[in-house]
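Student: Just one file: upload27.cif, with mmCIF, C-alpha atoms.
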```cif
data_data
loop_
_atom_site.label_atom_id
_atom_site.label_comp_id
_atom_site.auth_asym_id
_atom_site.auth_seq_id
_atom_site.Cartn_x
_atom_site.Cartn_y
_atom_site.Cartn_z
CA MET E 1 69.04 106.91 125.13
CA LEU E 2 71.86 107.35 127.65
CA PRO E 3 71.96 104.93 130.62
CA ILE E 4 71.24 107.75 133.11
CA GLU E 5 68.19 108.83 131.11
CA ARG E 6 67.00 105.23 130.91
CA LYS E 7 67.17 105.00 134.70
CA ARG E 8 65.40 108.34 135.05
CA GLN E 9 62.56 107.16 132.80
CA GLY E 10 62.38 103.91 134.75
CA TYR E 11 61.80 105.75 138.03
CA ILE E 12 59.24 108.05 136.40
CA HIS E 13 57.43 104.97 135.11
CA GLU E 14 57.55 103.49 138.62
CA LEU E 15 56.02 106.67 140.04
CA ILE E 16 53.12 106.67 137.58
CA GLN E 17 52.45 102.93 137.83
CA THR E 18 52.51 102.83 141.63
CA GLU E 19 50.32 105.94 141.76
CA GLU E 20 47.76 104.16 139.59
CA ARG E 21 47.78 101.09 141.86
CA TYR E 22 47.48 103.31 144.93
CA MET E 23 44.48 105.10 143.43
CA ASP E 24 42.87 101.70 142.80
CA ASP E 25 43.41 100.80 146.47
CA LEU E 26 41.87 104.06 147.69
CA GLN E 27 38.80 103.55 145.53
CA LEU E 28 38.55 99.91 146.59
CA VAL E 29 38.38 100.86 150.28
CA LEU E 30 35.59 103.30 149.54
CA GLU E 31 33.52 100.85 147.51
CA VAL E 32 34.22 97.51 149.20
CA PHE E 33 34.52 98.61 152.82
CA GLN E 34 33.40 102.14 153.71
CA LYS E 35 30.11 102.26 151.77
CA GLN E 36 29.02 98.75 152.70
CA MET E 37 29.98 99.15 156.36
CA ALA E 38 27.91 102.32 156.50
CA GLU E 39 24.91 100.49 155.02
CA SER E 40 25.29 97.51 157.37
CA ARG E 41 24.52 99.59 160.49
CA LEU E 42 27.02 97.47 162.43
CA MET E 43 28.90 100.65 163.29
CA THR E 44 27.87 104.10 164.41
CA GLU E 45 28.63 107.15 162.28
CA ALA E 46 31.17 108.22 164.88
CA GLU E 47 32.98 104.88 164.67
CA LEU E 48 33.03 105.00 160.87
CA GLY E 49 34.30 108.56 161.01
CA THR E 50 37.14 107.56 163.34
CA ILE E 51 38.20 104.68 161.09
CA PHE E 52 37.93 106.27 157.64
CA VAL E 53 38.35 109.91 158.77
CA ASN E 54 38.63 111.93 155.52
CA TRP E 55 39.21 109.08 153.06
CA LYS E 56 37.35 110.86 150.25
CA GLU E 57 39.67 113.85 150.62
CA LEU E 58 42.66 111.55 150.10
CA ILE E 59 41.04 110.28 146.91
CA MET E 60 40.49 113.83 145.69
CA SER E 61 44.11 114.84 146.41
CA ASN E 62 45.63 111.89 144.61
CA THR E 63 43.18 111.98 141.72
CA LYS E 64 44.53 115.43 140.83
CA LEU E 65 48.10 114.17 141.01
CA TYR E 66 47.45 111.02 139.01
CA LYS E 67 45.47 112.80 136.28
CA ALA E 68 48.22 115.40 135.90
CA LEU E 69 50.84 112.65 135.56
CA ARG E 70 48.76 110.79 132.96
CA VAL E 71 48.12 113.94 130.92
CA ARG E 72 51.83 114.75 130.93
CA LYS E 73 52.65 111.22 129.79
CA LYS E 74 50.08 111.23 126.99
CA THR E 75 51.01 114.73 125.82
CA GLY E 76 54.56 113.66 125.11
CA GLY E 77 53.51 110.32 123.65
CA GLU E 78 52.97 107.04 125.49
CA LYS E 79 56.23 105.57 124.21
CA MET E 80 58.25 108.77 124.41
CA PRO E 81 60.43 109.88 127.36
CA VAL E 82 58.79 112.17 129.92
CA GLN E 83 60.72 115.44 129.85
CA MET E 84 59.20 117.15 132.90
CA ILE E 85 57.66 115.65 136.03
CA GLY E 86 59.01 117.67 138.95
CA ASP E 87 56.71 120.67 138.37
CA ILE E 88 53.62 118.49 138.75
CA LEU E 89 54.96 116.84 141.90
CA ALA E 90 55.98 120.14 143.50
CA THR E 91 52.53 121.61 142.85
CA GLU E 92 50.37 118.68 143.92
CA LEU E 93 52.39 117.64 146.97
CA SER E 94 51.81 121.08 148.44
CA HIS E 95 48.05 120.37 148.41
CA MET E 96 48.00 117.12 150.38
CA GLN E 97 47.29 118.40 153.88
CA ALA E 98 44.44 115.87 154.08
CA TYR E 99 47.09 113.28 154.96
CA ILE E 100 48.01 115.13 158.15
CA ARG E 101 44.50 114.69 159.52
CA PHE E 102 44.10 111.09 158.36
CA CYS E 103 47.40 109.83 159.71
CA SER E 104 46.95 111.73 162.99
CA CYS E 105 43.71 109.83 163.62
CA GLN E 106 44.97 106.47 162.38
CA LEU E 107 45.86 105.00 165.77
CA ASN E 108 42.40 105.73 167.17
CA GLY E 109 40.77 104.18 164.12
CA ALA E 110 42.89 101.05 164.39
CA ALA E 111 42.02 100.75 168.08
CA ILE E 112 38.28 100.88 167.40
CA LEU E 113 38.57 98.36 164.59
CA GLN E 114 40.58 95.98 166.78
CA HIS E 115 38.21 96.35 169.72
CA LYS E 116 35.10 95.59 167.67
CA THR E 117 36.82 92.66 165.98
CA ASP E 118 37.82 91.19 169.36
CA GLU E 119 34.51 91.81 171.11
CA GLU E 120 31.93 91.27 168.36
CA PRO E 121 32.11 87.95 166.45
CA ASP E 122 29.43 89.07 163.98
CA PHE E 123 31.44 92.14 163.10
CA LYS E 124 34.60 90.07 162.67
CA ASP E 125 32.78 87.70 160.30
CA TYR E 126 31.34 90.63 158.38
CA LEU E 127 34.78 92.15 157.81
CA LYS E 128 36.06 88.78 156.60
CA LYS E 129 33.16 88.60 154.17
CA LEU E 130 33.96 92.04 152.77
CA ALA E 131 37.65 91.17 152.46
CA SER E 132 36.74 88.06 150.46
CA ASP E 133 36.07 90.34 147.48
CA PRO E 134 38.57 89.23 144.78
CA ARG E 135 39.79 92.82 144.39
CA CYS E 136 41.14 92.72 147.96
CA LYS E 137 43.49 89.84 147.08
CA GLY E 138 43.16 88.44 150.59
CA MET E 139 44.13 91.68 152.34
CA PRO E 140 42.04 92.82 155.36
CA LEU E 141 40.77 96.36 155.87
CA SER E 142 43.49 97.04 158.45
CA SER E 143 46.17 96.56 155.78
CA PHE E 144 44.48 98.94 153.36
CA LEU E 145 44.23 101.60 156.07
CA LEU E 146 48.04 101.63 156.31
CA LYS E 147 48.47 102.48 152.64
CA PRO E 148 48.14 106.29 152.91
CA MET E 149 51.03 106.43 155.39
CA GLN E 150 53.01 104.04 153.23
CA ARG E 151 52.41 106.14 150.14
CA ILE E 152 53.51 109.49 151.51
CA THR E 153 56.70 107.97 152.92
CA ARG E 154 57.37 106.56 149.46
CA TYR E 155 57.24 109.88 147.61
CA PRO E 156 60.59 111.24 148.87
CA LEU E 157 62.31 107.97 147.94
CA ILE E 158 60.98 107.87 144.37
CA ILE E 159 61.56 111.58 143.78
CA LYS E 160 65.11 111.29 145.10
CA ASN E 161 65.78 108.44 142.66
CA ILE E 162 64.49 110.52 139.74
CA LEU E 163 66.50 113.55 140.88
CA GLU E 164 69.73 111.57 141.20
CA ASN E 165 69.37 110.54 137.57
CA THR E 166 68.51 114.03 136.31
CA PRO E 167 71.54 116.16 135.30
CA GLU E 168 71.79 119.60 136.90
CA ILE E 169 71.49 121.24 133.48
CA HIS E 170 68.18 119.42 132.84
CA ALA E 171 65.11 121.70 132.91
CA ASP E 172 63.45 119.33 135.38
CA HIS E 173 66.25 119.38 137.96
CA ASN E 174 65.19 122.41 140.00
CA HIS E 175 61.55 121.34 139.90
CA LEU E 176 62.52 117.95 141.29
CA LYS E 177 64.56 119.56 144.07
CA LEU E 178 61.51 121.57 145.09
CA ALA E 179 59.30 118.48 144.83
CA LEU E 180 61.64 116.55 147.11
CA GLU E 181 61.58 119.36 149.66
CA ARG E 182 57.78 119.38 149.64
CA ALA E 183 57.54 115.59 149.89
CA GLU E 184 59.86 115.60 152.91
CA GLU E 185 57.97 118.52 154.44
CA LEU E 186 54.69 116.61 154.06
CA CYS E 187 56.17 113.60 155.88
CA SER E 188 57.46 115.90 158.60
CA GLN E 189 54.05 117.55 159.00
CA VAL E 190 52.37 114.15 159.24
CA ASN E 191 54.89 113.00 161.85
CA GLU E 192 54.28 116.09 163.94
CA GLY E 193 50.51 115.78 163.55
CA VAL E 194 50.57 112.19 164.76
CA ARG E 195 52.74 113.11 167.74
CA GLU E 196 50.58 116.07 168.69
CA LYS E 197 47.41 113.97 168.49
CA GLU E 198 48.96 111.26 170.64
CA ASN E 199 50.03 113.82 173.24
CA SER E 200 46.57 115.39 173.20
CA ASP E 201 44.93 112.00 173.72
CA ARG E 202 47.33 111.23 176.58
CA LEU E 203 46.56 114.55 178.27
CA GLU E 204 42.83 113.93 177.90
CA TRP E 205 43.25 110.51 179.51
CA ILE E 206 45.21 112.00 182.41
CA GLN E 207 42.56 114.67 182.95
CA SER E 208 39.80 112.07 183.05
CA HIS E 209 41.64 109.58 185.28
CA VAL E 210 43.70 111.70 187.66
CA GLN E 211 42.06 113.93 190.27
CA CYS E 212 43.89 117.23 190.60
CA ASP E 213 42.95 120.41 192.41
CA GLY E 214 43.84 124.01 191.66
CA LEU E 215 47.54 124.67 191.17
CA ALA E 216 48.38 120.97 191.13
CA GLU E 217 46.31 120.53 187.95
CA VAL E 218 47.85 123.62 186.35
CA ARG E 219 51.32 122.32 187.16
CA MET E 220 50.50 118.91 185.70
CA ARG E 221 49.36 120.53 182.44
CA GLU E 222 52.53 122.65 182.27
CA LEU E 223 54.76 119.65 182.83
CA PHE E 224 52.92 117.50 180.32
CA CYS E 225 52.62 120.10 177.57
CA GLY E 226 56.24 121.13 178.08
CA SER E 227 57.42 117.58 177.60
CA ALA E 228 55.18 117.23 174.54
CA VAL E 229 56.72 120.28 172.87
CA GLN E 230 60.20 119.00 173.72
CA MET E 231 59.38 115.62 172.17
CA ILE E 232 58.13 117.23 168.96
CA ASN E 233 61.08 119.59 168.66
CA SER E 234 63.72 117.01 169.46
CA ASN E 235 62.46 114.27 167.20
CA ASN E 236 60.71 114.86 163.90
CA HIS E 237 60.11 111.16 163.26
CA LEU E 238 57.47 108.77 164.47
CA ASP E 239 58.47 106.49 167.31
CA GLY E 240 59.31 103.17 165.68
CA ASP E 241 57.97 100.93 168.42
CA ARG E 242 54.67 102.77 168.71
CA HIS E 243 53.90 103.58 165.13
CA GLY E 244 55.90 101.20 162.98
CA PHE E 245 57.07 104.12 160.82
CA ASP E 246 60.40 102.57 159.94
CA THR E 247 58.69 99.29 159.09
CA ILE E 248 56.17 101.13 156.93
CA GLN E 249 58.96 102.89 155.07
CA HIS E 250 60.75 99.63 154.49
CA HIS E 251 57.73 97.77 153.20
CA SER E 252 56.00 100.60 151.33
CA ASN E 253 55.19 100.19 147.68
#
```
How would this structure read if it were set down as structure tokens?

Tutor:
Amino acid sequence: MLPIERKRQGYIHELIQTEERYMDDLQLVLEVFQKQMAESRLMTEAELGTIFVNWKELIMSNTKLYKALRVRKKTGGEKMPVQMIGDILATELSHMQAYIRFCSCQLNGAAILQHKTDEEPDFKDYLKKLASDPRCKGMPLSSFLLKPMQRITRYPLIIKNILENTPEIHADHNHLKLALERAEELCSQVNEGVREKENSDRLEWIQSHVQCDGLAEVRMRELFCGSAVQMINSNNHLDGDRHGFDTIQHHSN
């Protein structure tokens, strides 16, 4: 095997292995935290919905991706090189819109979790008890809730590494180029969704806290919404200080 092909196979292996670990984390959150917190009655359905949003949809999206990767690996032989991977990635990454909704609501979920932890000692103790499950490896719920954002920012990096070690004449090359485009587009859509949600929340706060009459209120909405559109168009990335996007990218698995 040529050195470039060995590197290519190494990155493909990394993709499949990290996808398996990510799937384990998604399932862990559902079983260890979400289901038990719902049964505890320490939180309302609305609070649970704000924290976990559409977690089961994330599981469904990534289950399809992971199963397709495993089937492709087994079809060629467990110890044999994977010839094609880009077609699977290009197809499945175009069906992951569930991440836009989850990540857009993530700040609100984190705020509720922090508030209840600060204000309710019993709730704080209960979360610690759940996190003591050996499968959590000492990680709190808040850390697991960051993993979806971490994962989607990781896809472009891994795909780019595979692509850079795939010759242009390779049958997988064009598929990988398309997969990289779709991975980057997904990140961009998530970034925009987060920004739009934040602007919407800010406008709602202004409307509820600032008294405006007639044209003054209309003018305020025009000014605010105009600045929101300008922010989205001028910057397609999350604000580092507010969202920790750069930090998430750096520390993602």

Student: Can you tell me, as a PyMOL selection string, which residues sit within 6 Å of (57.3, 121.3, 144.9) in the file's frame, using all atoms listed in the file?

Tutor: chain E and resi 89-91+178-179+182

Student: Applied to this file, what does the PyMOL selection byres ((chain E and resi 146-163) around 7) return in terms of residues, put as a list in words?

Tutor: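 For this structure, the PyMOL selection byres ((chain E and resi 146-163) around 7) resolves to Arg8, Tyr11, Ile12, Leu15, Cys103, Ser142, Ser143, Phe144, Leu145, Glu164, Asn165, Thr166, His173, Leu176, Leu180, Ala183, Glu184, Cys187, Ile248, Gln249, Ser252 and Asn253 of chain E.
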
Student: So, counting all atoms listed in the file, which residue among E:Ser188, E:Thr75, E:Asn174, E:Gln83 is closest to Tyr99 in chain E?

Tutor: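 The answer is E:Ser188, which sits nearest to Tyr99 in chain E.
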
Student: Taking the file as I've supplied it (selection: the PyMOL selection byres ((chain E and resi 28-37) around 9)), which residues are included? Please answer as a list in words.

Tutor: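 So the PyMOL selection byres ((chain E and resi 28-37) around 9) ends up selecting Met23, Asp24, Asp25, Leu26, Gln27, Ala38, Glu39, Ser40, Arg41, Leu42, Met43, Leu48, Phe52, Trp55, Lys56, Tyr126, Leu127, Leu130, Ala131, Asp133, Arg135, Cys136, Leu141, Phe144 and Leu145 of chain E.
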
Student: To one decimal place, how far is CA of Gln189 in chain E from CA of Glu204 in chain E in Å?

Tutor: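 Computing the Euclidean distance for CA of Gln189 in chain E and CA of Glu204 in chain E yields 22.3 Å.
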
Student: Rank nothing, just name the residue among E:Lys7, E:Asp172, E:Glu196, E:Asn54 nearest to Ala98 in chain E, using only C-alpha atoms.

Tutor: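 Checking each candidate against Ala98 in chain E, we get E:Asn54 as the closest.
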